[in-house]
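Structure first, then comments.
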Amino acid sequence: MVKVNKPTRAAKKERAPIDEVDASETPAKYTWEELVKKAGKATDEEVELFATTTPATELVRLGASVRSQRLLTDGRRWLGQIWIYWSKLSAKEKSEWIGFSDARFRAVLADFLALKHAYERNAAAPSRAADEARDVVNANALYERGQEVRNTLVESLKQASGGDRALRAAIEAANTTAQEPKRLAKTLNNLVDEARKAAARDAKLARRFEADQITAAKLDEIEKLAVEIDRSGDSGGARAGSPVPQSEIDRLDGVCIERMRGLRAVFNAKKASDRRVPALVPIATRAVFGLGSDSAEPATPNPGEPTPKG
């Protein structure tokens with residue numbers, strides 16, 4: 001029996017630009033950054049206070065039913081609609097609400113931002129990997145070039161030094177072992193310094209250097225090469241972290257679905273007594289909340305049918 005590998009959830013989740021998924025009918029009013037600027041960033045206490053108690057396994061199952069960018073598209077639009085309405089209410093009007101507050105708005109916003117950051121981190125993973133590979137290739141090429149220049153410069157300076165024992169000793173001292181980029185850069189700079197000092201104190205030696213192509217311009221080039229080599233030593237340093245596991249992306253998706261359920265339920269109920277309350281209509285998330293339905297619950301697939309990651 002031939003075993004067929006099933007596609008992973010990561011493969012099923014096609015990536016698309018955030019906020020460009022079925023949202024052209026009603027574009028979002030604010031960017032994520034503008035929402036944070038207007039409402040403020042959730043405090044640690046607020047995040048903890050409104051943290052979901054739904055088991056992670058249930059959130060993962062729920063989140064696996066929809067693409068992250070669909071949630072981010074409608075989530076940003078809904079929060080913008082809510083803010084336009086909520087920010088105009090007086091303190092007294094806000095106090096008459098049950099189930100919503102400034103703190104809850106910030107906590108919900110924080111959940112969506114967590115999903116946004118995780119999604120963007122994964123979306124950038126392929127290009128990040130390519131950048132890192134390119135950096136490694138460039139760093140290796142610079143290192144090899146630097147070693148070649150070091151060896152050539154050392155031999156050229158020795159040859160040009162003639163019987164100047166002091167210069168030879170200075171060259172030997174400057175030519176330290178260089179088995180990594182930053183050390184090689186330092187060695188090149190030390191050799192250039194010794195060459196310049198020798199040329200400055202001995203005119204005849206300076207003319208010999210010029211004749212052997214150890215010119216001021218050439219020494220400047222070597223210094224620039226040393227700078228590049230030194231920087232290449234940082235190419236493997238701090239970059240964006242490793243990709244977020246798909247299970248964590250699904251969990252964050254589930255959290256945002258849960259938040260959207262709560263927002264729809266509360267705002268639909270309040271709209272009956274206040275016509276100013278915005279209607280939170282799913283556009284990118286129609287498949288989650290039901291096409292043309294006012295229900296706050298997501299659509300349920302037929303028995304035996306998998307929920308599409310659409």
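Chain lettering (A, B, ...) mirrors the order of the structure tokens, residue numbering begins at 1 for each chain separately, and ligand numbering begins at 1 in order of display.
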#### Entry: Secondary structure check, alpha helix (DSSP H) residues of segment 74-288 of chain A, as a PyMOL selection string
chain A and resi 74-86+91-95+102-123+125-161+165-174+181-201+203-211+216-232+246-271+286-288
Proximity check segment 167-221 of chain A to segment 133-149 of chain A, 10 Å, nearest pairs one decimal Å, only C-alpha atoms, as JSON lines:
{"residue": "A:Ala178", "atom": "CA", "partner": "A:Gln147", "partner_atom": "CA", "distance": 8.2}
{"residue": "A:Gln179", "atom": "CA", "partner": "A:Tyr143", "partner_atom": "CA", "distance": 9.2}
{"residue": "A:Glu180", "atom": "CA", "partner": "A:Tyr143", "partner_atom": "CA", "distance": 7.9}
{"residue": "A:Pro181", "atom": "CA", "partner": "A:Tyr143", "partner_atom": "CA", "distance": 6.1}
{"residue": "A:Lys182", "atom": "CA", "partner": "A:Tyr143", "partner_atom": "CA", "distance": 9.6}
{"residue": "A:Leu184", "atom": "CA", "partner": "A:Gly146", "partner_atom": "CA", "distance": 7.1}
{"residue": "A:Ala185", "atom": "CA", "partner": "A:Gly146", "partner_atom": "CA", "distance": 7.8}
{"residue": "A:Thr187", "atom": "CA", "partner": "A:Gly146", "partner_atom": "CA", "distance": 9.8}
{"residue": "A:Leu188", "atom": "CA", "partner": "A:Gly146", "partner_atom": "CA", "distance": 7.9}
Filtering to all heavy atoms, could you give me those residues as a PDB file, in the first residue's frame?
ATOM      1  N   ALA A 178      44.558  35.654  11.497  1.00  0.00           N
ATOM      2  CA  ALA A 178      43.214  36.197  11.274  1.00  0.00           C
ATOM      3  C   ALA A 178      42.321  35.098  10.723  1.00  0.00           C
ATOM      4  O   ALA A 178      42.262  34.879   9.519  1.00  0.00           O
ATOM      5  CB  ALA A 178      43.277  37.381  10.311  1.00  0.00           C
ATOM      6  N   GLN A 179      41.625  34.396  11.630  1.00  0.00           N
ATOM      7  CA  GLN A 179      40.787  33.274  11.206  1.00  0.00           C
ATOM      8  C   GLN A 179      39.295  33.586  11.241  1.00  0.00           C
ATOM      9  O   GLN A 179      38.473  32.700  11.047  1.00  0.00           O
ATOM     10  CB  GLN A 179      41.089  32.059  12.085  1.00  0.00           C
ATOM     11  CG  GLN A 179      42.529  31.572  11.920  1.00  0.00           C
ATOM     12  CD  GLN A 179      42.829  30.361  12.781  1.00  0.00           C
ATOM     13  OE1 GLN A 179      42.130  30.095  13.754  1.00  0.00           O
ATOM     14  NE2 GLN A 179      43.879  29.636  12.423  1.00  0.00           N
ATOM     15  N   GLU A 180      38.961  34.834  11.481  1.00  0.00           N
ATOM     16  CA  GLU A 180      37.550  35.246  11.406  1.00  0.00           C
ATOM     17  C   GLU A 180      37.505  36.688  10.909  1.00  0.00           C
ATOM     18  O   GLU A 180      38.488  37.430  11.019  1.00  0.00           O
ATOM     19  CB  GLU A 180      36.849  35.059  12.760  1.00  0.00           C
ATOM     20  CG  GLU A 180      37.522  35.701  13.940  1.00  0.00           C
ATOM     21  CD  GLU A 180      37.071  37.146  14.116  1.00  0.00           C
ATOM     22  OE1 GLU A 180      35.967  37.473  13.620  1.00  0.00           O
ATOM     23  OE2 GLU A 180      37.796  37.919  14.724  1.00  0.00           O
ATOM     24  N   PRO A 181      36.388  37.125  10.304  1.00  0.00           N
ATOM     25  CA  PRO A 181      36.312  38.416   9.618  1.00  0.00           C
ATOM     26  C   PRO A 181      36.778  39.619  10.407  1.00  0.00           C
ATOM     27  O   PRO A 181      37.576  40.424   9.909  1.00  0.00           O
ATOM     28  CB  PRO A 181      34.824  38.517   9.237  1.00  0.00           C
ATOM     29  CG  PRO A 181      34.377  37.111   9.100  1.00  0.00           C
ATOM     30  CD  PRO A 181      35.120  36.361  10.178  1.00  0.00           C
ATOM     31  N   LYS A 182      36.291  39.800  11.617  1.00  0.00           N
ATOM     32  CA  LYS A 182      36.625  40.997  12.373  1.00  0.00           C
ATOM     33  C   LYS A 182      38.123  41.055  12.700  1.00  0.00           C
ATOM     34  O   LYS A 182      38.726  42.134  12.701  1.00  0.00           O
ATOM     35  CB  LYS A 182      35.780  41.070  13.643  1.00  0.00           C
ATOM     36  CG  LYS A 182      34.321  41.420  13.359  1.00  0.00           C
ATOM     37  CD  LYS A 182      33.552  41.676  14.638  1.00  0.00           C
ATOM     38  CE  LYS A 182      32.163  42.202  14.317  1.00  0.00           C
ATOM     39  NZ  LYS A 182      32.192  43.536  13.686  1.00  0.00           N
ATOM     40  N   LEU A 184      40.468  39.678  10.877  1.00  0.00           N
ATOM     41  CA  LEU A 184      41.142  39.944   9.605  1.00  0.00           C
ATOM     42  C   LEU A 184      41.085  41.432   9.283  1.00  0.00           C
ATOM     43  O   LEU A 184      42.081  42.010   8.818  1.00  0.00           O
ATOM     44  CB  LEU A 184      40.479  39.138   8.484  1.00  0.00           C
ATOM     45  CG  LEU A 184      40.986  39.405   7.062  1.00  0.00           C
ATOM     46  CD1 LEU A 184      42.489  39.143   6.956  1.00  0.00           C
ATOM     47  CD2 LEU A 184      40.218  38.543   6.057  1.00  0.00           C
ATOM     48  N   ALA A 185      39.948  42.051   9.518  1.00  0.00           N
ATOM     49  CA  ALA A 185      39.811  43.489   9.265  1.00  0.00           C
ATOM     50  C   ALA A 185      40.805  44.279  10.109  1.00  0.00           C
ATOM     51  O   ALA A 185      41.438  45.230   9.622  1.00  0.00           O
ATOM     52  CB  ALA A 185      38.386  43.933   9.576  1.00  0.00           C
ATOM     53  N   THR A 187      43.676  43.191  11.317  1.00  0.00           N
ATOM     54  CA  THR A 187      45.028  42.927  10.811  1.00  0.00           C
ATOM     55  C   THR A 187      45.337  43.782   9.592  1.00  0.00           C
ATOM     56  O   THR A 187      46.425  44.362   9.473  1.00  0.00           O
ATOM     57  CB  THR A 187      45.175  41.436  10.445  1.00  0.00           C
ATOM     58  OG1 THR A 187      45.014  40.657  11.626  1.00  0.00           O
ATOM     59  CG2 THR A 187      46.533  41.154   9.823  1.00  0.00           C
ATOM     60  N   LEU A 188      44.375  43.882   8.671  1.00  0.00           N
ATOM     61  CA  LEU A 188      44.578  44.713   7.483  1.00  0.00           C
ATOM     62  C   LEU A 188      44.802  46.169   7.865  1.00  0.00           C
ATOM     63  O   LEU A 188      45.689  46.841   7.316  1.00  0.00           O
ATOM     64  CB  LEU A 188      43.369  44.598   6.552  1.00  0.00           C
ATOM     65  CG  LEU A 188      43.204  43.265   5.815  1.00  0.00           C
ATOM     66  CD1 LEU A 188      41.880  43.230   5.059  1.00  0.00           C
ATOM     67  CD2 LEU A 188      44.364  43.039   4.850  1.00  0.00           C
TER      68      LEU A 188
END
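Proximity to Arg165 of chain A was assessed for A:Leu191, A:Ile214, A:Leu72, A:Ala198 counting only C-alpha atoms; the smallest distance is recorded for A:Ala198.
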All residues 10 Å or closer to Leu219 of chain A, only C-alpha atoms, same chain fewer than 2 positions away omitted, as an mmCIF file with N, CA and C atoms, in the first residue's frame:
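Below is the file selection_21.cif, written as the result:
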data_model
loop_
_atom_site.group_PDB
_atom_site.id
_atom_site.type_symbol
_atom_site.label_atom_id
_atom_site.label_comp_id
_atom_site.auth_asym_id
_atom_site.auth_seq_id
_atom_site.Cartn_x
_atom_site.Cartn_y
_atom_site.Cartn_z
ATOM 1 N N LEU A 153 50.057 42.017 0.631
ATOM 2 C CA LEU A 153 50.581 43.241 1.230
ATOM 3 C C LEU A 153 51.776 42.945 2.126
ATOM 4 N N LEU A 188 44.375 43.882 8.671
ATOM 5 C CA LEU A 188 44.578 44.713 7.483
ATOM 6 C C LEU A 188 44.802 46.169 7.865
ATOM 7 N N ASN A 189 44.018 46.665 8.805
ATOM 8 C CA ASN A 189 44.181 48.050 9.240
ATOM 9 C C ASN A 189 45.544 48.269 9.895
ATOM 10 N N LEU A 191 48.328 46.631 9.261
ATOM 11 C CA LEU A 191 49.349 46.605 8.211
ATOM 12 C C LEU A 191 49.374 47.924 7.442
ATOM 13 N N VAL A 192 48.192 48.464 7.157
ATOM 14 C CA VAL A 192 48.111 49.753 6.465
ATOM 15 C C VAL A 192 48.749 50.853 7.319
ATOM 16 N N ASP A 193 48.486 50.838 8.620
ATOM 17 C CA ASP A 193 49.067 51.838 9.524
ATOM 18 C C ASP A 193 50.589 51.775 9.501
ATOM 19 N N ALA A 195 52.511 50.639 7.113
ATOM 20 C CA ALA A 195 53.007 51.090 5.804
ATOM 21 C C ALA A 195 53.014 52.613 5.732
ATOM 22 N N ARG A 196 51.976 53.243 6.230
ATOM 23 C CA ARG A 196 51.888 54.705 6.185
ATOM 24 C C ARG A 196 52.937 55.353 7.089
ATOM 25 N N GLN A 213 53.710 49.850 -6.301
ATOM 26 C CA GLN A 213 52.237 49.968 -6.290
ATOM 27 C C GLN A 213 51.630 49.963 -4.886
ATOM 28 N N ILE A 214 52.465 50.236 -3.868
ATOM 29 C CA ILE A 214 51.922 50.384 -2.514
ATOM 30 C C ILE A 214 51.641 51.876 -2.325
ATOM 31 N N THR A 215 50.691 52.367 -3.081
ATOM 32 C CA THR A 215 50.375 53.791 -3.096
ATOM 33 C C THR A 215 49.381 54.155 -1.996
ATOM 34 N N ALA A 216 49.223 55.484 -1.784
ATOM 35 C CA ALA A 216 48.254 55.961 -0.792
ATOM 36 C C ALA A 216 46.840 55.535 -1.195
ATOM 37 N N ALA A 217 46.576 55.593 -2.495
ATOM 38 C CA ALA A 217 45.249 55.195 -2.989
ATOM 39 C C ALA A 217 45.006 53.708 -2.741
ATOM 40 N N GLU A 221 42.127 51.811 -0.437
ATOM 41 C CA GLU A 221 41.264 50.717 -0.906
ATOM 42 C C GLU A 221 41.261 49.561 0.097
ATOM 43 N N ILE A 222 42.445 49.259 0.627
ATOM 44 C CA ILE A 222 42.545 48.154 1.587
ATOM 45 C C ILE A 222 41.773 48.489 2.859
ATOM 46 N N GLU A 223 41.822 49.747 3.285
ATOM 47 C CA GLU A 223 41.056 50.164 4.461
ATOM 48 C C GLU A 223 39.552 50.010 4.230
ATOM 49 N N LYS A 224 39.090 50.365 3.037
ATOM 50 C CA LYS A 224 37.668 50.215 2.709
ATOM 51 C C LYS A 224 37.273 48.744 2.705
ATOM 52 N N LEU A 225 38.169 47.909 2.191
ATOM 53 C CA LEU A 225 37.916 46.467 2.191
ATOM 54 C C LEU A 225 37.811 45.966 3.624
#
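Distance check against Lys37 of chain A using only C-alpha atoms: of A:Leu109, A:Asn268, A:Asn151, A:Ser273, the minimum falls on A:Leu109.
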### Task
Return the single residue from A:Arg251, A:Arg121, A:Lys204, A:Arg183 that is closest to Ser161 of chain A, with distances computed using only C-alpha atoms.
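Among the listed residues, A:Lys204 lies closest to Ser161 of chain A.
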Using only C-alpha atoms, find each residue in segment 75-146 of chain A having at least one atom no more than 8 Å away from segment 276-293 of chain A; report its shortest atom-to-atom pair and that distance in Å (one decimal), rows by chain then rising number, as a Markdown table.
| residue | atom | partner | partner_atom | distance |
| --- | --- | --- | --- | --- |
| A:Trp78 | CA | A:Leu280 | CA | 6.0 |
| A:Gln81 | CA | A:Pro278 | CA | 6.3 |
| A:Ile82 | CA | A:Pro278 | CA | 6.6 |
| A:Tyr85 | CA | A:Val277 | CA | 6.6 |
Dump C-alpha atoms for the selected residues as an mmCIF file, in the first residue's frame?
data_model
loop_
_atom_site.group_PDB
_atom_site.id
_atom_site.type_symbol
_atom_site.label_atom_id
_atom_site.label_comp_id
_atom_site.auth_asym_id
_atom_site.auth_seq_id
_atom_site.Cartn_x
_atom_site.Cartn_y
_atom_site.Cartn_z
ATOM 1 C CA TRP A 78 -14.291 46.326 12.402
ATOM 2 C CA GLN A 81 -15.706 51.187 12.674
ATOM 3 C CA ILE A 82 -15.946 50.624 16.396
ATOM 4 C CA TYR A 85 -18.381 55.263 17.063
#
